[in-house]
>>> print(open('input20.txt').read())   # compact mmCIF, C-alpha atoms and all ligand atoms
# COMPACT_ATOMS: atom_id res chain seq x y z
CA MET A 1 44.63 245.12 -161.80
CA ASN A 2 41.20 244.38 -163.34
CA LEU A 3 39.36 241.15 -162.62
CA LYS A 4 40.34 239.51 -165.92
CA ASP A 5 44.02 240.11 -165.19
CA LYS A 6 43.61 238.89 -161.61
CA ILE A 7 42.06 235.64 -162.89
CA LYS A 8 45.00 235.24 -165.30
CA GLN A 9 47.45 235.81 -162.45
CA VAL A 10 45.73 233.23 -160.18
CA ASN A 11 45.58 230.78 -163.08
CA ARG A 12 49.34 231.18 -163.70
CA LEU A 13 50.15 230.57 -160.03
CA LEU A 14 47.91 227.49 -159.91
CA ILE A 15 49.56 226.08 -163.04
CA GLY A 16 52.95 226.72 -161.44
CA HIS A 17 51.90 224.54 -158.52
CA PHE A 18 49.59 221.90 -160.04
CA GLY A 19 50.61 221.98 -163.72
CA ILE A 20 48.26 222.01 -166.71
CA PRO A 21 45.66 219.28 -166.20
CA THR A 22 45.41 216.69 -168.94
CA ARG A 23 42.21 215.99 -170.82
CA PRO A 24 41.05 212.81 -172.53
CA LYS A 25 41.54 212.75 -176.34
CA LYS A 26 37.88 211.94 -176.85
CA LEU A 27 35.50 214.05 -174.79
CA PRO A 28 32.47 212.27 -173.28
CA ASN A 29 29.12 212.87 -174.96
CA PRO A 30 26.73 215.31 -173.21
CA VAL A 31 24.43 212.58 -171.85
CA ASP A 32 27.39 210.75 -170.23
CA THR A 33 28.61 213.98 -168.61
CA LEU A 34 25.17 214.92 -167.41
CA ILE A 35 24.55 211.56 -165.73
CA ALA A 36 28.05 211.41 -164.21
CA THR A 37 27.54 214.91 -162.79
CA ILE A 38 24.22 213.96 -161.21
CA LEU A 39 25.96 210.95 -159.64
CA SER A 40 28.78 213.13 -158.31
CA GLN A 41 26.58 215.37 -156.16
CA ASN A 42 27.53 215.24 -152.46
CA THR A 43 30.01 212.40 -152.82
CA ASN A 44 33.61 211.93 -153.89
CA ASP A 45 34.71 211.20 -157.47
CA ASN A 46 35.71 207.61 -156.67
CA ASN A 47 32.23 206.66 -155.45
CA SER A 48 30.45 208.41 -158.28
CA TYR A 49 32.79 206.75 -160.78
CA ARG A 50 31.92 203.32 -159.33
CA ALA A 51 28.20 204.07 -159.63
CA TYR A 52 28.71 205.29 -163.20
CA GLN A 53 30.66 202.16 -164.10
CA ASN A 54 27.95 199.96 -162.54
CA LEU A 55 25.45 201.49 -164.96
CA LYS A 56 27.73 201.32 -167.99
CA GLN A 57 28.64 197.69 -167.35
CA LYS A 58 25.08 196.54 -166.80
CA TYR A 59 23.43 198.39 -169.72
CA LYS A 60 24.64 198.94 -173.26
CA THR A 61 22.69 202.15 -173.87
CA TRP A 62 21.06 204.97 -171.92
CA GLU A 63 17.77 203.99 -173.63
CA GLU A 64 17.90 200.72 -171.66
CA VAL A 65 18.52 202.63 -168.43
CA ALA A 66 15.53 204.85 -169.24
CA ASP A 67 13.31 201.74 -169.22
CA ILE A 68 14.28 200.29 -165.82
CA SER A 69 12.33 201.22 -162.70
CA ARG A 70 13.49 204.02 -160.44
CA SER A 71 13.96 201.61 -157.53
CA GLN A 72 16.12 199.29 -159.67
CA LEU A 73 18.22 202.27 -160.71
CA GLU A 74 18.55 203.32 -157.08
CA LYS A 75 20.04 199.93 -156.18
CA ILE A 76 22.60 200.05 -158.98
CA ILE A 77 23.88 203.52 -158.10
CA ARG A 78 23.69 203.08 -154.31
CA VAL A 79 27.47 203.49 -153.84
CA ALA A 80 27.17 207.17 -154.86
CA GLY A 81 24.74 207.93 -151.99
CA LEU A 82 21.47 209.92 -152.15
CA GLY A 83 20.10 207.06 -154.24
CA LYS A 84 16.49 208.17 -154.15
CA GLN A 85 17.12 211.72 -155.37
CA LYS A 86 19.77 210.77 -157.91
CA SER A 87 17.78 207.87 -159.39
CA ALA A 88 14.73 210.15 -159.66
CA ALA A 89 16.78 212.88 -161.40
CA ILE A 90 18.41 210.42 -163.84
CA LYS A 91 15.12 208.66 -164.55
CA SER A 92 13.26 211.89 -165.19
CA PHE A 93 16.06 213.19 -167.43
CA LEU A 94 16.37 209.98 -169.52
CA SER A 95 12.63 209.33 -169.82
CA GLY A 96 11.96 212.98 -170.68
CA LEU A 97 14.60 212.93 -173.41
CA LYS A 98 13.36 209.64 -174.82
CA LYS A 99 9.79 210.89 -174.88
CA LYS A 100 10.75 214.16 -176.58
CA ASN A 101 13.25 212.91 -179.17
CA ALA A 102 12.33 209.19 -179.38
CA LYS A 103 15.92 208.47 -178.32
CA VAL A 104 18.33 209.52 -175.57
CA ASP A 105 20.46 212.04 -177.40
CA LEU A 106 21.63 215.61 -176.83
CA ARG A 107 23.60 216.10 -180.03
CA HIS A 108 21.38 218.98 -181.09
CA ILE A 109 22.93 221.21 -178.40
CA GLU A 110 26.38 221.06 -180.04
CA THR A 111 25.53 223.92 -182.40
CA MET A 112 23.78 226.06 -179.79
CA LYS A 113 25.24 229.05 -177.93
CA ASP A 114 26.40 228.63 -174.31
CA GLN A 115 23.49 230.55 -172.79
CA GLU A 116 20.94 228.73 -174.96
CA ILE A 117 22.32 225.38 -173.76
CA LEU A 118 22.20 226.50 -170.12
CA ASN A 119 18.61 227.68 -170.61
CA GLU A 120 17.55 224.41 -172.20
CA LEU A 121 19.28 222.02 -169.79
CA THR A 122 18.21 223.83 -166.63
CA LEU A 123 14.58 223.42 -167.70
CA ILE A 124 14.97 219.70 -166.94
CA LYS A 125 13.83 218.76 -163.44
CA GLY A 126 16.79 218.11 -161.14
CA ILE A 127 19.37 219.72 -163.48
CA GLY A 128 20.90 222.98 -162.26
CA ILE A 129 23.54 225.40 -163.51
CA LYS A 130 26.45 223.34 -162.19
CA THR A 131 25.42 220.18 -164.02
CA SER A 132 24.62 222.06 -167.24
CA SER A 133 27.90 223.97 -167.15
CA CYS A 134 29.82 220.68 -166.74
CA VAL A 135 28.27 219.55 -170.03
CA LEU A 136 29.48 222.78 -171.66
CA LEU A 137 33.05 222.39 -170.42
CA PHE A 138 33.65 218.63 -170.33
CA SER A 139 31.68 217.53 -173.41
CA LEU A 140 31.59 220.59 -175.66
CA ASP A 141 34.91 222.18 -174.67
CA ARG A 142 33.36 225.62 -174.21
CA ASN A 143 35.22 228.25 -172.19
CA ILE A 144 32.89 227.91 -169.20
CA CYS A 145 34.06 227.32 -165.62
CA PRO A 146 31.55 225.24 -163.61
CA VAL A 147 31.34 226.26 -159.95
CA ASP A 148 30.96 223.55 -157.31
CA THR A 149 31.48 224.00 -153.56
CA HIS A 150 35.31 223.86 -153.86
CA VAL A 151 35.41 226.41 -156.67
CA HIS A 152 32.88 228.67 -154.89
CA ARG A 153 34.83 228.59 -151.60
CA THR A 154 38.26 229.17 -153.13
CA LEU A 155 37.08 231.97 -155.46
CA ASN A 156 35.58 233.80 -152.47
CA ARG A 157 38.57 233.29 -150.19
CA ILE A 158 41.04 234.41 -152.84
CA GLY A 159 38.84 237.47 -153.39
CA LEU A 160 38.03 237.00 -157.08
CA VAL A 161 34.31 237.08 -156.29
CA LYS A 162 32.22 238.04 -153.28
CA THR A 163 29.09 235.93 -153.39
CA LYS A 164 26.81 233.84 -151.22
CA SER A 165 26.07 230.96 -153.61
CA PRO A 166 27.86 228.87 -156.27
CA ASP A 167 25.36 230.01 -158.92
CA LYS A 168 26.19 233.67 -158.21
CA SER A 169 29.93 232.89 -158.32
CA PHE A 170 29.34 231.14 -161.64
CA LYS A 171 27.78 234.24 -163.18
CA GLN A 172 30.48 236.60 -161.89
CA ILE A 173 33.53 234.54 -162.77
CA ASN A 174 32.35 233.49 -166.21
CA HIS A 175 31.54 237.05 -167.17
CA PHE A 176 35.26 237.89 -166.90
CA LEU A 177 36.88 234.53 -167.71
CA PRO A 178 39.79 234.94 -170.16
CA GLU A 179 39.57 232.85 -173.35
CA GLY A 180 40.89 229.29 -173.33
CA ILE A 181 41.52 228.77 -169.60
CA ALA A 182 38.26 227.27 -168.30
CA HIS A 183 39.40 223.66 -167.96
CA GLN A 184 42.74 224.39 -166.30
CA PHE A 185 41.29 227.09 -164.03
CA HIS A 186 38.31 224.94 -162.93
CA THR A 187 40.38 221.77 -162.41
CA ASN A 188 43.17 223.48 -160.49
CA LEU A 189 40.73 225.32 -158.22
CA ILE A 190 39.19 221.93 -157.37
CA LYS A 191 42.66 220.56 -156.59
CA LEU A 192 43.40 223.64 -154.47
CA GLY A 193 40.12 223.19 -152.58
CA ARG A 194 40.66 219.49 -151.98
CA GLU A 195 44.31 219.56 -151.01
CA ILE A 196 45.15 222.97 -149.57
CA CYS A 197 42.26 225.41 -149.23
CA LYS A 198 40.12 222.91 -147.34
CA PRO A 199 36.72 223.96 -145.95
CA SER A 200 37.50 224.20 -142.24
CA ARG A 201 41.29 224.54 -142.05
CA PRO A 202 43.08 225.85 -145.12
CA VAL A 203 46.81 225.08 -145.16
CA CYS A 204 47.86 228.60 -146.08
CA SER A 205 51.57 228.09 -145.36
CA ILE A 206 51.96 225.89 -148.46
CA CYS A 207 49.48 227.70 -150.72
CA PRO A 208 50.78 229.04 -154.05
CA LEU A 209 48.29 231.94 -153.75
CA LEU A 210 49.34 233.07 -150.27
CA ARG A 211 50.61 236.49 -151.38
CA ASP A 212 47.59 237.27 -153.57
CA CYS A 213 44.82 235.80 -151.41
CA ARG A 214 42.48 238.23 -149.60
CA PHE A 215 41.10 235.73 -147.04
CA GLN A 216 41.08 237.32 -143.56
CA ASN A 217 41.25 234.11 -141.53
CA LYS A 218 44.30 232.42 -142.98
CA ASN A 219 45.52 229.41 -141.04
CA PHE A 220 49.22 228.84 -140.44
CA GLU A 221 48.99 226.06 -137.90
CA ASN A 222 49.95 222.54 -138.80
CA SER A 223 46.81 221.19 -140.46
CA GLY A 224 47.80 217.59 -141.08
CA SER A 225 48.68 215.92 -144.33
CA THR A 226 47.73 217.20 -147.76
CA VAL A 227 46.76 214.19 -149.80
CA ARG A 228 47.15 214.56 -153.54
CA ASN A 229 44.09 213.31 -155.37
CA ASN A 230 44.31 213.75 -159.11
CA PHE A 231 41.32 211.61 -160.03
CA LEU A 232 38.66 213.74 -161.69
CA LEU A 233 35.46 212.01 -162.63
CA LEU A 234 34.50 214.06 -165.69
CA ASP A 235 37.92 213.66 -167.31
CA SER A 236 37.78 209.89 -166.67
CA ILE A 237 34.43 208.73 -168.06
S1 LIG B 301 46.09 231.44 -148.81
FE1 LIG B 301 44.83 230.09 -147.53
S2 LIG B 301 42.75 230.84 -147.73
FE2 LIG B 301 43.94 231.73 -149.40
S3 LIG B 301 43.61 230.35 -151.13
FE3 LIG B 301 45.47 229.70 -150.09
S4 LIG B 301 44.82 228.14 -148.63
FE4 LIG B 301 42.98 229.27 -149.28
>>> encode(input="input20.txt", output="structure tokens", more="lines below")
Ligand code: SF4
Amino acid sequence: MNLKDKIKQVNRLLIGHFGIPTRPKKLPNPVDTLIATILSQNTNDNNSYRAYQNLKQKYKTWEEVADISRSQLEKIIRVAGLGKQKSAAIKSFLSGLKKKNAKVDLRHIETMKDQEILNELTLIKGIGIKTSSCVLLFSLDRNICPVDTHVHRTLNRIGLVKTKSPDKSFKQINHFLPEGIAHQFHTNLIKLGREICKPSRPVCSICPLLRDCRFQNKNFENSGSTVRNNFLLLDSI
């Protein structure tokens, strides 16, 4: 079976277990997605959502947020952790955009090709491939699968890629990704990583991919409860 067919097979099995994830009718604009993704780094979706809501409730526009001080921003988003780094990244992104376009707007990227968008967004300080690819999938509905730590770990364990970093997994998997599956594949791999294929002790006995997975160190001991957590930040903003 070639890699494209293997991805399709894994996607089918994941849908059989988790279903097809729903999406909001109106997708968030690229600036919303970009800021929510910065807030989500190294924390859970609930905390980053609270930080995002704090900003949205306090300020009507991102232009207003661009004008507050970095330390003020840090206080407002504290619940998401790493306040210093995240406030610096958000501030530099918003101020840079405002300076360049006189307003905080990324609508011009809507007509650009995937790679052009990745090239442009990753030029911004503090914005990497993961954040840029979330904009492509969650705001522009492109067939691009962002790779975070859950997606990187599960892809490697299953044997769909063999890489040392999420950015390398991103390149490999997206090169072969079948049309129209990015959102379901990405979302269900995150659910798999959170609930079953956990970092230290995967619960292989209940995994829908058990027969297809190439991981050498499968765990069949009782590994505690598997808590279902369907809240996904970027489908909720
Ligand atoms: S069989 Fe185990 S290691 Fe493989 S994907 Fe499932 S939980 Fe992860």
>>> closest_atom_pairs(input="input20.txt", of="chain A", to="ligand LIG 301 (chain B)", cutoff="12 Å", atoms="all atoms listed in the file", output="Markdown table")
| residue | atom | partner | partner_atom | distance |
| --- | --- | --- | --- | --- |
| A:Val10 | CA | B:LIG301 | S3 | 9.7 |
| A:Leu13 | CA | B:LIG301 | FE3 | 11.0 |
| A:Leu14 | CA | B:LIG301 | S3 | 10.2 |
| A:His17 | CA | B:LIG301 | FE3 | 11.8 |
| A:His150 | CA | B:LIG301 | FE4 | 10.4 |
| A:Val151 | CA | B:LIG301 | S3 | 10.7 |
| A:His152 | CA | B:LIG301 | S3 | 11.5 |
| A:Arg153 | CA | B:LIG301 | FE4 | 8.5 |
| A:Thr154 | CA | B:LIG301 | S3 | 5.8 |
| A:Leu155 | CA | B:LIG301 | S3 | 8.0 |
| A:Asn156 | CA | B:LIG301 | S3 | 8.8 |
| A:Arg157 | CA | B:LIG301 | S2 | 5.4 |
| A:Ile158 | CA | B:LIG301 | S3 | 5.1 |
| A:Gly159 | CA | B:LIG301 | FE2 | 8.7 |
| A:Leu160 | CA | B:LIG301 | S3 | 10.5 |
| A:Asn188 | CA | B:LIG301 | S3 | 11.6 |
| A:Leu189 | CA | B:LIG301 | S3 | 9.2 |
| A:Ile190 | CA | B:LIG301 | S3 | 11.4 |
| A:Lys191 | CA | B:LIG301 | S4 | 11.2 |
| A:Leu192 | CA | B:LIG301 | S3 | 7.5 |
| A:Gly193 | CA | B:LIG301 | FE4 | 7.5 |
| A:Arg194 | CA | B:LIG301 | S4 | 10.2 |
| A:Glu195 | CA | B:LIG301 | S4 | 8.9 |
| A:Ile196 | CA | B:LIG301 | S4 | 5.3 |
| A:Cys197 | CA | B:LIG301 | S4 | 3.8 |
| A:Lys198 | CA | B:LIG301 | S4 | 7.1 |
| A:Pro199 | CA | B:LIG301 | FE4 | 8.9 |
| A:Ser200 | CA | B:LIG301 | S2 | 10.1 |
| A:Arg201 | CA | B:LIG301 | S4 | 8.3 |
| A:Pro202 | CA | B:LIG301 | S4 | 4.5 |
| A:Val203 | CA | B:LIG301 | S4 | 5.0 |
| A:Cys204 | CA | B:LIG301 | FE1 | 3.7 |
| A:Ser205 | CA | B:LIG301 | S1 | 7.3 |
| A:Ile206 | CA | B:LIG301 | S4 | 7.5 |
| A:Cys207 | CA | B:LIG301 | FE3 | 4.5 |
| A:Pro208 | CA | B:LIG301 | FE3 | 6.7 |
| A:Leu209 | CA | B:LIG301 | FE3 | 5.1 |
| A:Leu210 | CA | B:LIG301 | S1 | 3.9 |
| A:Arg211 | CA | B:LIG301 | S1 | 7.2 |
| A:Asp212 | CA | B:LIG301 | S1 | 7.7 |
| A:Cys213 | CA | B:LIG301 | FE2 | 4.6 |
| A:Arg214 | CA | B:LIG301 | FE2 | 6.7 |
| A:Phe215 | CA | B:LIG301 | S2 | 5.2 |
| A:Gln216 | CA | B:LIG301 | S2 | 7.9 |
| A:Asn217 | CA | B:LIG301 | S2 | 7.2 |
| A:Lys218 | CA | B:LIG301 | FE1 | 5.1 |
| A:Asn219 | CA | B:LIG301 | FE1 | 6.6 |
| A:Phe220 | CA | B:LIG301 | FE1 | 8.4 |
| A:Glu221 | CA | B:LIG301 | FE1 | 11.2 |
| A:Ser223 | CA | B:LIG301 | S4 | 10.9 |
| A:Thr226 | CA | B:LIG301 | S4 | 11.4 |
>>> write_last_selection(input="input20.txt", atoms="C-alpha atoms", output="mmCIF file, in the coordinates of the input")
data_model
loop_
_atom_site.group_PDB
_atom_site.id
_atom_site.type_symbol
_atom_site.label_atom_id
_atom_site.label_comp_id
_atom_site.auth_asym_id
_atom_site.auth_seq_id
_atom_site.Cartn_x
_atom_site.Cartn_y
_atom_site.Cartn_z
ATOM 1 C CA VAL A 10 45.730 233.230 -160.180
ATOM 2 C CA LEU A 13 50.150 230.570 -160.030
ATOM 3 C CA LEU A 14 47.910 227.490 -159.910
ATOM 4 C CA HIS A 17 51.900 224.540 -158.520
ATOM 5 C CA HIS A 150 35.310 223.860 -153.860
ATOM 6 C CA VAL A 151 35.410 226.410 -156.670
ATOM 7 C CA HIS A 152 32.880 228.670 -154.890
ATOM 8 C CA ARG A 153 34.830 228.590 -151.600
ATOM 9 C CA THR A 154 38.260 229.170 -153.130
ATOM 10 C CA LEU A 155 37.080 231.970 -155.460
ATOM 11 C CA ASN A 156 35.580 233.800 -152.470
ATOM 12 C CA ARG A 157 38.570 233.290 -150.190
ATOM 13 C CA ILE A 158 41.040 234.410 -152.840
ATOM 14 C CA GLY A 159 38.840 237.470 -153.390
ATOM 15 C CA LEU A 160 38.030 237.000 -157.080
ATOM 16 C CA ASN A 188 43.170 223.480 -160.490
ATOM 17 C CA LEU A 189 40.730 225.320 -158.220
ATOM 18 C CA ILE A 190 39.190 221.930 -157.370
ATOM 19 C CA LYS A 191 42.660 220.560 -156.590
ATOM 20 C CA LEU A 192 43.400 223.640 -154.470
ATOM 21 C CA GLY A 193 40.120 223.190 -152.580
ATOM 22 C CA ARG A 194 40.660 219.490 -151.980
ATOM 23 C CA GLU A 195 44.310 219.560 -151.010
ATOM 24 C CA ILE A 196 45.150 222.970 -149.570
ATOM 25 C CA CYS A 197 42.260 225.410 -149.230
ATOM 26 C CA LYS A 198 40.120 222.910 -147.340
ATOM 27 C CA PRO A 199 36.720 223.960 -145.950
ATOM 28 C CA SER A 200 37.500 224.200 -142.240
ATOM 29 C CA ARG A 201 41.290 224.540 -142.050
ATOM 30 C CA PRO A 202 43.080 225.850 -145.120
ATOM 31 C CA VAL A 203 46.810 225.080 -145.160
ATOM 32 C CA CYS A 204 47.860 228.600 -146.080
ATOM 33 C CA SER A 205 51.570 228.090 -145.360
ATOM 34 C CA ILE A 206 51.960 225.890 -148.460
ATOM 35 C CA CYS A 207 49.480 227.700 -150.720
ATOM 36 C CA PRO A 208 50.780 229.040 -154.050
ATOM 37 C CA LEU A 209 48.290 231.940 -153.750
ATOM 38 C CA LEU A 210 49.340 233.070 -150.270
ATOM 39 C CA ARG A 211 50.610 236.490 -151.380
ATOM 40 C CA ASP A 212 47.590 237.270 -153.570
ATOM 41 C CA CYS A 213 44.820 235.800 -151.410
ATOM 42 C CA ARG A 214 42.480 238.230 -149.600
ATOM 43 C CA PHE A 215 41.100 235.730 -147.040
ATOM 44 C CA GLN A 216 41.080 237.320 -143.560
ATOM 45 C CA ASN A 217 41.250 234.110 -141.530
ATOM 46 C CA LYS A 218 44.300 232.420 -142.980
ATOM 47 C CA ASN A 219 45.520 229.410 -141.040
ATOM 48 C CA PHE A 220 49.220 228.840 -140.440
ATOM 49 C CA GLU A 221 48.990 226.060 -137.900
ATOM 50 C CA SER A 223 46.810 221.190 -140.460
ATOM 51 C CA THR A 226 47.730 217.200 -147.760
#
>>> closest_residue(input="input20.txt", among="A:Ser71, A:Thr61, A:Phe138, A:Phe176", to="Lys84 (chain A)", atoms="all atoms listed in the file")
A:Ser71
>>> atom_distance(input="input20.txt", atom1="CA of Phe93 (chain A)", atom2="CA of Thr111 (chain A)")
20.7 Å
>>> atom_distance(input="input20.txt", atom1="CA of Arg12 (chain A)", atom2="CA of Pro30 (chain A)")
29.2 Å
>>> residues_around(input="input20.txt", residues="region 47-58 of chain A", least_positions_apart="4", cutoff="8 Å", atoms="all atoms listed in the file", output="PyMOL selection string")
chain A and resi 35-36+39-40+43+65+76-80+233+237
>>> atom_distance(input="input20.txt", atom1="CA of Gly96 (chain A)", atom2="CA of Phe170 (chain A)")
26.7 Å
>>> closest_residue(input="input20.txt", among="A:Thr131, A:Asn222, A:Asn143, A:Ser69", to="Asp114 (chain A)", atoms="all atoms listed in the file")
A:Asn143
>>> closest_residue(input="input20.txt", among="A:Ile15, A:Leu234, A:Ile124, A:Val104", to="Trp62 (chain A)", atoms="only C-alpha atoms")
A:Val104
>>> closest_residue(input="input20.txt", among="A:Leu232, A:Ile20, A:Cys145, A:Leu177", to="Ile7 (chain A)", atoms="all atoms listed in the file")
A:Leu177
>>> closest_residue(input="input20.txt", among="A:Gln115, A:Asp67, A:His175, A:Gly81", to="Asp45 (chain A)", atoms="only C-alpha atoms")
A:Gly81
>>> residues_near_point(input="input20.txt", point="(15.7, 211.3, -171.1)", cutoff="12 Å", atoms="only C-alpha atoms", output="ChimeraX atom specification")
/A:30-32,34-35,61-67,88-106,121,124-125,127
>>> write_last_selection(input="input20.txt", atoms="C-alpha atoms", output="PDB file, in the frame of the given file")
ATOM      1  CA  PRO A  30      26.730 215.310-173.210  1.00  0.00           C
ATOM      2  CA  VAL A  31      24.430 212.580-171.850  1.00  0.00           C
ATOM      3  CA  ASP A  32      27.390 210.750-170.230  1.00  0.00           C
ATOM      4  CA  LEU A  34      25.170 214.920-167.410  1.00  0.00           C
ATOM      5  CA  ILE A  35      24.550 211.560-165.730  1.00  0.00           C
ATOM      6  CA  THR A  61      22.690 202.150-173.870  1.00  0.00           C
ATOM      7  CA  TRP A  62      21.060 204.970-171.920  1.00  0.00           C
ATOM      8  CA  GLU A  63      17.770 203.990-173.630  1.00  0.00           C
ATOM      9  CA  GLU A  64      17.900 200.720-171.660  1.00  0.00           C
ATOM     10  CA  VAL A  65      18.520 202.630-168.430  1.00  0.00           C
ATOM     11  CA  ALA A  66      15.530 204.850-169.240  1.00  0.00           C
ATOM     12  CA  ASP A  67      13.310 201.740-169.220  1.00  0.00           C
ATOM     13  CA  ALA A  88      14.730 210.150-159.660  1.00  0.00           C
ATOM     14  CA  ALA A  89      16.780 212.880-161.400  1.00  0.00           C
ATOM     15  CA  ILE A  90      18.410 210.420-163.840  1.00  0.00           C
ATOM     16  CA  LYS A  91      15.120 208.660-164.550  1.00  0.00           C
ATOM     17  CA  SER A  92      13.260 211.890-165.190  1.00  0.00           C
ATOM     18  CA  PHE A  93      16.060 213.190-167.430  1.00  0.00           C
ATOM     19  CA  LEU A  94      16.370 209.980-169.520  1.00  0.00           C
ATOM     20  CA  SER A  95      12.630 209.330-169.820  1.00  0.00           C
ATOM     21  CA  GLY A  96      11.960 212.980-170.680  1.00  0.00           C
ATOM     22  CA  LEU A  97      14.600 212.930-173.410  1.00  0.00           C
ATOM     23  CA  LYS A  98      13.360 209.640-174.820  1.00  0.00           C
ATOM     24  CA  LYS A  99       9.790 210.890-174.880  1.00  0.00           C
ATOM     25  CA  LYS A 100      10.750 214.160-176.580  1.00  0.00           C
ATOM     26  CA  ASN A 101      13.250 212.910-179.170  1.00  0.00           C
ATOM     27  CA  ALA A 102      12.330 209.190-179.380  1.00  0.00           C
ATOM     28  CA  LYS A 103      15.920 208.470-178.320  1.00  0.00           C
ATOM     29  CA  VAL A 104      18.330 209.520-175.570  1.00  0.00           C
ATOM     30  CA  ASP A 105      20.460 212.040-177.400  1.00  0.00           C
ATOM     31  CA  LEU A 106      21.630 215.610-176.830  1.00  0.00           C
ATOM     32  CA  LEU A 121      19.280 222.020-169.790  1.00  0.00           C
ATOM     33  CA  ILE A 124      14.970 219.700-166.940  1.00  0.00           C
ATOM     34  CA  LYS A 125      13.830 218.760-163.440  1.00  0.00           C
ATOM     35  CA  ILE A 127      19.370 219.720-163.480  1.00  0.00           C
TER      36      ILE A 127
END
>>> build_atoms(input="input20.txt", residues="region 146-160 of chain A", atoms="N, CA and C atoms", output="tab-separated table (two decimals), in the frame of the given file")
chain	number	residue	atom	x	y	z
A	146	PRO	N	32.59	225.64	-164.56
A	146	PRO	CA	31.55	225.24	-163.61
A	146	PRO	C	31.97	225.59	-162.18
A	147	VAL	N	31.01	225.88	-161.34
A	147	VAL	CA	31.34	226.26	-159.95
A	147	VAL	C	30.66	225.29	-158.98
A	148	ASP	N	31.47	224.42	-158.37
A	148	ASP	CA	30.96	223.55	-157.31
A	148	ASP	C	31.34	224.16	-155.96
A	149	THR	N	31.19	223.39	-154.87
A	149	THR	CA	31.48	224.00	-153.56
A	149	THR	C	32.96	224.38	-153.41
A	150	HIS	N	33.87	223.54	-153.95
A	150	HIS	CA	35.31	223.86	-153.86
A	150	HIS	C	35.63	225.16	-154.62
A	151	VAL	N	35.11	225.24	-155.84
A	151	VAL	CA	35.41	226.41	-156.67
A	151	VAL	C	34.78	227.67	-156.04
A	152	HIS	N	33.57	227.53	-155.54
A	152	HIS	CA	32.88	228.67	-154.89
A	152	HIS	C	33.68	229.16	-153.66
A	153	ARG	N	34.10	228.20	-152.82
A	153	ARG	CA	34.83	228.59	-151.60
A	153	ARG	C	36.17	229.25	-151.93
A	154	THR	N	36.93	228.63	-152.83
A	154	THR	CA	38.26	229.17	-153.13
A	154	THR	C	38.17	230.54	-153.83
A	155	LEU	N	37.23	230.66	-154.77
A	155	LEU	CA	37.08	231.97	-155.46
A	155	LEU	C	36.79	233.09	-154.47
A	156	ASN	N	35.93	232.78	-153.48
A	156	ASN	CA	35.58	233.80	-152.47
A	156	ASN	C	36.73	234.09	-151.54
A	157	ARG	N	37.45	233.04	-151.11
A	157	ARG	CA	38.57	233.29	-150.19
A	157	ARG	C	39.68	234.08	-150.88
A	158	ILE	N	39.98	233.70	-152.11
A	158	ILE	CA	41.04	234.41	-152.84
A	158	ILE	C	40.63	235.87	-153.04
A	159	GLY	N	39.33	236.10	-153.20
A	159	GLY	CA	38.84	237.47	-153.39
A	159	GLY	C	38.51	237.78	-154.84
A	160	LEU	N	38.38	236.75	-155.68
A	160	LEU	CA	38.03	237.00	-157.08
A	160	LEU	C	36.53	237.28	-157.23
